[in-house]
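**Student:** Mind having a look at this structure? Questions to follow.
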Amino acid sequence: MSSWIIAGTALGYLLLLSLLAWSAESVRKKRKSWINNGYVYALSMAVYCTAWTYYGSVGRAATSGLDFLTIYIGPTILCALFWPVLLKIIRICRTQGITSIADLVSTRYGKNFSLAVLVTIFCVMGVIPYIALQLKAIATSFDLLAGTTGNTNQSIWKDSTFYGTLLLTIFILFFGTRSVDAAEKHEGLIAAIAFESVIKLVAFLAAGLFITYGVFNGFSDLFQQANAQPRLQQLFTFQENNAYTSWFSMLTLSFFAMLFLPRQFQVNVVENLDENHLKTAGWVFPLYLFVINLFVVPIALAGSVLYPGATANPDLYVLNIPLDQGRHLLSLLIFIGGFSAATGMIIVETIALTTMISNHLALPLLFSTNRLHQESRRNLSAVVLWVRRGSILLVIGLSLLYDKLVAEQYSLVSIGLVSFAAVAQLAPAVLGGLYWKGASKNGALAGLAAGFICWMFTLLLPSLAGAGLLDNSILENGYFGISWLRPDALFGLTSLDPVSHSLFWSLLLNSGLFVLVSINGQKGTRETFQAELFVDFLTKEKFEVEPAAWKNTANLPALRLLLQNFIGSERAVSLFQKYASRHQIPLNTTTADPRLVQFTEKILAGVIGSASAHILVSRVAKAEELSMEEVLNLLRESQQMMELNKELRRKSAELTRVTEQLSALNRQLMAMDEMKDEFLYTVTHELRTPLTSIRALTELVHDNPEMPENQKTEFLAAVVRETERLSHLITQVLSLERFESGKQPLELQTIQTKELLDEALSDIQPLVQQKKLRIQTQLTHPFQLIELDPILVRQVLYNLLTNAIRFSPESGTILFAAEVSGNHLEISVSDQGKGIPEAALELIFDKFYQAPNQTLKKPEGSGLGLAISKKIIELHTGNIRAENREDGGARFIFILPLSQINL
Ligand code: ADP
């Protein structure tokens with residue numbers, strides 16, 4: 001394929017990325033965001049999958065089987081299980097304005113300068129080879145596609161790599177240095193990175209599908225053909241004795257890489273917009289890793305079947321196979337996929353390294369020369385930006401150089417592992433710093449330096465020697481000709497593969513020294529302060545009470561000027577005003593409040609790193625070094641404040657609860673009040689009806705003296721009836737009131753059930769005869785004794801029976817039953833009347849309730865009978881209910897305990 005087409009496509013792709021990044025940033029200006037969600041966050045994390053994944057995994061699978069998978073299991077474990085570690089780091093970095101892994105280490109150990117420098121140099125040395133690896137991947141894939149393999153160093157693709165790199169550099173320069181504040185998010189860049197993650201996934205899946213289904217006849221065909229080759233069979237079973245150790249060390253490496261690789265730190269922590277995104281990423285990112293690895297084994301097998309005897313580079317199978325099948329368009333897509341994997345990594349890694357180099361190496365150097373300091377009126381933000389740009393060029397230049405000199409000799413994966421092993425050295429200092437207050441600056445320095453040197457001697461130098469840049473004999477005879485200093489067998493440890501070997505010795509020395517020195521040394525005040533902050537304070541859910549201060553005082557205008565120099569006067573003033581109004585600090589003084597000094601330092605830390613920020617601020621501020629005791633007091637005070645806060649919150653929660661209870665009670669009272677009103681209204685209404693007829697009748701008799709005697713008698717009889725009804729009603733209302741207020745005492749007596757029933761029956765005898773009804777009684781234990789208030793219960797029975805009589809049809813039957821079960825007596829009255837509407841079954845026990853559409857009206861009907869009955873039964877700690885019988889008619893049942901005393 002023509003190099004021009006390929007280069008043109010790559011260029012077009014880069015332009016598309018720029019367009020995307022640029023749009024994302026313009027959207028941002030309208031206060032919207034494309035990247036503010038967990039999915040984009042997870043996709044940006046997928047910058048983890050570089051050209052190494054894209055090309056190298058297949059290569060590794062084809063040469064050493066399944067162990068490529070360990071590289072993805074580590075991050076999966078981190079995201080799915082150990083995300084609280086990540087969360088802690090995110091919170092700390094947000095509150096302290098930390099913008100790089102070097103910054104994190106240095107800030108934890110008292111903003112120590114040497115640590116920042118050490119970690120920066122270390123990261124640069126560890127990661128440059130990794131960036132070179134990406135350049136190499138772009139070059140070799142380009143090479144294969146353009147058919148220019150075999151040309152010497154002077155070939156065109158070398159030039160096109162150079163130009164490609166140049167274009168990429170411009171992209172990074174443009175989108176990576178938009179703001180001086182490194183703590184500000186790179187909205188456009190992250191949008192581009194997430195997009196690249198999608199492209200590389202799609203392209204790789206396309207390759208996998210094509211190779212599995214287009215070249216072979218699906219998975220089973222592919223596996224059958226592969227199975228026929230003994231070498232391949234062997235590959236996918238555990239063979240060597242140290243397979244387990246190498247699996248374990250790769251897992252460890254990838255776990256730490258996901259935390260500490262500068263580019264991962266950049267996307268996971270610095271660019272994190274919302275810690276809740278971590279939850280989504282916890283499953284989306286592992287899923288991404290899973291999907292992108294689906295076709296690795298099939299492609300590796302396919303390549304091994306198609307190119308037996310190593311006629312093609314296994315790293316490039318994914319591109320080689322479609323190309324040999326004449327699928328040019330697909331090949332171009334696959335090339336672009338690999339290109340995005342590589343460029344995504346280069347972009348983010350460069351930004352991350354740049355922040356470190358400029359903040360911890362270049363800027364501090366500049367500030368330490370007095371010239372710049374004297375010109376402090378100048379706008380320093382331009383200086384910062386130029387230093388950043390220079391650093392970008394430096395990083396890319398170094399990578400190109402490494403690519404030219406060393407990378408050509410190595411497969412993709414081995415270079416990647418060298419980088420992984422480098423960043424793994426940060427583990428003791430960072431993790432120890434996060435969870436162990438005893439970790440000290442000197443411990444971290446000693447551990448890191450030892451780990452670093454060990455890594456250099458066991459991995460980096462051998463790789464340089466292997467490339468012919470160093471004397472090759474060290475590989476065989478050991479350093480200085482001493483055999484137990486052989487880089488892959490220190491002290492005679494020969495049973496491990498080179499990477500596990502290096503990891504073992506370096507981490508052992510590193511963590512050992514870190515712990516030993518930490519335990520045995522003294523710690524400074526600032527260090528103790530930061531240790532407390534990191535381990536205990538900053539990670540609280542809501543960091544409300546910031547331990548307030550160094551006793552720093554400074555001249556306010558000088559402080560403002562300092563900030564102004566870096567971020568411009570407008571922003572400086574507005575930040576000051578916001579902060580001051582939030583914390584109620586006066587701004588019209590000449591001496592700045594200590595909190596303001598601290599705030600300035602935090603903002604500056606975002607721009608130039610915490611160590612430099614600290615140096616600059618202490619130049620304007622008169623720092624009174626606090627004694628250890630004062631520091632501890634400060635911390636204790638804030639601890640107390642936090643507890644006080646918690647206490648206050650608890651109290652206010654309690655108050656809210658009490659208020660709620662009160663208002664519920666109030667609602668209940670109001671409802672009761674309403675009920676009382678209603679009751680009064682109904683009572684007076686009920687009283688008026690008989691009164692009206694009494695009055696009408698007596699007036700008639702009074703006004704007509706000549707009225708015939710028999711009519712007069714009839715009228716007077718009616719008056720008597722109505723008066724009776726009236727007094728009955730009044731008695732009812734009064735007795736109900738007595739029951740409700742609890743004024744009615746129970747006069748308990750022990751009687752036989754039979755006695756109770758007989759008395760009730762005799763009460764209603766006249767009514768029964770009048771209506772020609774039949775009463776059937778059922779009594780299981782006639783002589784059972786029961787303790788109750790006979791007068792009241794008789795009243796209940798009377799009410800139930802009269803109701804039953806009232807609703808019974810002419811010559812119907814009423815069933816009156818009493819049964820003993822357990823220690824209860826159950827009495828029921830059933831009639832053959834029209835029954836009770838379902839909806840009214842409970843309502844009939846309410847005061848004054850009379851079911852609608854009643855045709856019958858008993859003379860003394862008041863709607864109070866059942867309400868009173870219910871009260872009486874409840875006073876006896878029993879209960880009453882009504883139901884409809886299956887064959888029509890109603891049944892009232894009440895249950896009484898046999899003895900009131902037992903209950
Ligand atoms: P009242 O004094 O009006 O009878 P109650 O409280 O005794 O008042 O009864 C309330 C309502 O329950 C009655 O008006 C009637 O509608 C219904 N009711 C009571 N007993 C029966 C029954 N055996 N059959 C059908 N309805 C009944």
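Residues in the structure tokens are numbered from 1 in each chain, the chains being A, B, ... in the order shown, and ligands are numbered from 1 in the order shown.
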Extract, using only C-alpha atoms, all DNA, RNA and protein residues at most 9 Å from Arg94 in chain A, discarding same-chain residues fewer than 3 positions from it, and format them as JSON, numbers by chain.
**Tutor:** {"A": [89, 90, 91, 97, 98, 99, 183, 269, 270]}
**Student:** Create the file for the chosen residues now, containing N, CA and C atoms and written as a PDB file, in the first residue's frame.
**Tutor:**
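Below is the file that was written, out.pdb:
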ATOM      1  N   ILE A  89      -6.638   8.191  47.284  1.00  0.00           N
ATOM      2  CA  ILE A  89      -5.667   9.022  46.567  1.00  0.00           C
ATOM      3  C   ILE A  89      -6.373  10.203  45.899  1.00  0.00           C
ATOM      4  N   ILE A  90      -7.523   9.925  45.274  1.00  0.00           N
ATOM      5  CA  ILE A  90      -8.252  11.004  44.587  1.00  0.00           C
ATOM      6  C   ILE A  90      -8.619  12.113  45.571  1.00  0.00           C
ATOM      7  N   ARG A  91      -9.136  11.736  46.724  1.00  0.00           N
ATOM      8  CA  ARG A  91      -9.553  12.744  47.709  1.00  0.00           C
ATOM      9  C   ARG A  91      -8.365  13.566  48.199  1.00  0.00           C
ATOM     10  N   GLY A  97      -4.354  19.793  46.069  1.00  0.00           N
ATOM     11  CA  GLY A  97      -3.927  20.352  44.788  1.00  0.00           C
ATOM     12  C   GLY A  97      -2.757  19.599  44.185  1.00  0.00           C
ATOM     13  N   ILE A  98      -2.738  18.293  44.356  1.00  0.00           N
ATOM     14  CA  ILE A  98      -1.627  17.483  43.850  1.00  0.00           C
ATOM     15  C   ILE A  98      -1.875  17.088  42.397  1.00  0.00           C
ATOM     16  N   THR A  99      -0.835  17.212  41.550  1.00  0.00           N
ATOM     17  CA  THR A  99      -1.061  16.982  40.132  1.00  0.00           C
ATOM     18  C   THR A  99      -0.191  15.889  39.524  1.00  0.00           C
ATOM     19  N   ALA A 183      -3.702  21.587  37.726  1.00  0.00           N
ATOM     20  CA  ALA A 183      -4.796  20.928  38.421  1.00  0.00           C
ATOM     21  C   ALA A 183      -6.098  21.074  37.642  1.00  0.00           C
ATOM     22  N   VAL A 269      -6.618   9.899  38.516  1.00  0.00           N
ATOM     23  CA  VAL A 269      -6.673  10.803  39.669  1.00  0.00           C
ATOM     24  C   VAL A 269      -6.788  12.275  39.260  1.00  0.00           C
ATOM     25  N   VAL A 270      -5.797  12.737  38.496  1.00  0.00           N
ATOM     26  CA  VAL A 270      -5.750  14.166  38.186  1.00  0.00           C
ATOM     27  C   VAL A 270      -6.957  14.597  37.353  1.00  0.00           C
TER      28      VAL A 270
END
**Student:** Range 750-754 of chain A: which residues within 8 Å, counting only C-alpha atoms, same-chain residues fewer than 2 positions away excluded, as number ranges by chain?
**Tutor:** A: 748, 756-758, 779, 781-788, 818
**Student:** May I have the residues within 12 Å of range 271-275 of chain A as a VMD selection string, using only C-alpha atoms and disregarding those fewer than 4 positions away in the same chain?
**Tutor:** chain A and resid 33 to 42 44 to 45 83 to 84 86 to 94 98 to 100 182 to 191 193 263 to 267 279 to 282 348 351 to 352 541
**Student:** Within 7 Å of range 695-702 of chain A, counting only C-alpha atoms, which residues qualify if same-chain residues fewer than 3 places away don't, as an NGL selection string?
**Tutor:** :A and (691-692 or 705 or 712 or 715 or 719)
**Student:** Near Gly326 in chain A, counting only C-alpha atoms, which residues have an atom at most 12 Å away, once you skip same-chain residues fewer than 5 positions from it, shown as JSON, numbers by chain?
**Tutor:** {"A": [1, 145, 215, 319, 320, 321, 331, 332]}
**Student:** With distances taken over only C-alpha atoms, which residue among A:Leu431, A:Val318, A:Ala439, A:Leu20 lies nearest Leu306 in chain A?
**Tutor:**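 With only C-alpha atoms as the atom set, the closest residue is A:Val318.
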**Student:** If you measure from CA of Ala46 in chain A to CA of Ser197 in chain A, what distance in Å do you get, rounded to one decimal?
**Tutor:**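 That distance, rounded to one decimal, is 6.2 Å.
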**Student:** Which residues come within 10 Å of range 670-683 of chain A, counting only C-alpha atoms, excluding same-chain residues fewer than 6 positions away, as a PDB file with N, CA, C and O atoms, in the first residue's frame?
**Tutor:**
ATOM      1  N   ALA A 664     -46.690  14.768  64.345  1.00  0.00           N
ATOM      2  CA  ALA A 664     -47.603  13.640  64.154  1.00  0.00           C
ATOM      3  C   ALA A 664     -48.661  13.652  65.250  1.00  0.00           C
ATOM      4  O   ALA A 664     -49.857  13.485  64.998  1.00  0.00           O
ATOM      5  N   LEU A 729     -81.526   7.896  74.171  1.00  0.00           N
ATOM      6  CA  LEU A 729     -80.406   8.433  73.428  1.00  0.00           C
ATOM      7  C   LEU A 729     -79.401   9.103  74.356  1.00  0.00           C
ATOM      8  O   LEU A 729     -78.186   8.870  74.279  1.00  0.00           O
ATOM      9  N   ILE A 730     -79.964   9.901  75.272  1.00  0.00           N
ATOM     10  CA  ILE A 730     -79.081  10.611  76.192  1.00  0.00           C
ATOM     11  C   ILE A 730     -78.300   9.621  77.057  1.00  0.00           C
ATOM     12  O   ILE A 730     -77.086   9.752  77.253  1.00  0.00           O
ATOM     13  N   VAL A 733     -75.518   8.195  74.926  1.00  0.00           N
ATOM     14  CA  VAL A 733     -74.404   9.118  74.720  1.00  0.00           C
ATOM     15  C   VAL A 733     -73.575   9.228  75.978  1.00  0.00           C
ATOM     16  O   VAL A 733     -72.341   9.158  75.949  1.00  0.00           O
ATOM     17  N   LYS A 847     -69.406   5.410  65.889  1.00  0.00           N
ATOM     18  CA  LYS A 847     -70.517   6.118  66.514  1.00  0.00           C
ATOM     19  C   LYS A 847     -71.491   6.634  65.457  1.00  0.00           C
ATOM     20  O   LYS A 847     -71.075   7.151  64.429  1.00  0.00           O
ATOM     21  N   PHE A 848     -72.735   6.511  65.714  1.00  0.00           N
ATOM     22  CA  PHE A 848     -73.804   7.050  64.857  1.00  0.00           C
ATOM     23  C   PHE A 848     -73.828   6.474  63.468  1.00  0.00           C
ATOM     24  O   PHE A 848     -74.474   6.999  62.589  1.00  0.00           O
ATOM     25  N   SER A 862     -80.131   4.461  67.154  1.00  0.00           N
ATOM     26  CA  SER A 862     -79.357   5.697  67.278  1.00  0.00           C
ATOM     27  C   SER A 862     -78.017   5.582  66.574  1.00  0.00           C
ATOM     28  O   SER A 862     -77.312   6.561  66.412  1.00  0.00           O
TER      29      SER A 862
END
**Student:** What separation in Å, quoted to one decimal, exists between CA of Gly742 in chain A and CA of Ala867 in chain A?
**Tutor:**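 It comes out at 14.6 Å.
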**Student:** Which is closest to ligand 1 among A:Val829, A:Ile873, A:Gly147, A:Leu898, if we use only C-alpha atoms and all ligand atoms?
**Tutor:**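 Nearest to ligand 1: A:Val829.
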**Student:** Could you tell me how far CA of Gly8 in chain A lies from CA of Gly59 in chain A, in Å and to one decimal?
**Tutor:**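 These atoms are spaced 27.7 Å apart.
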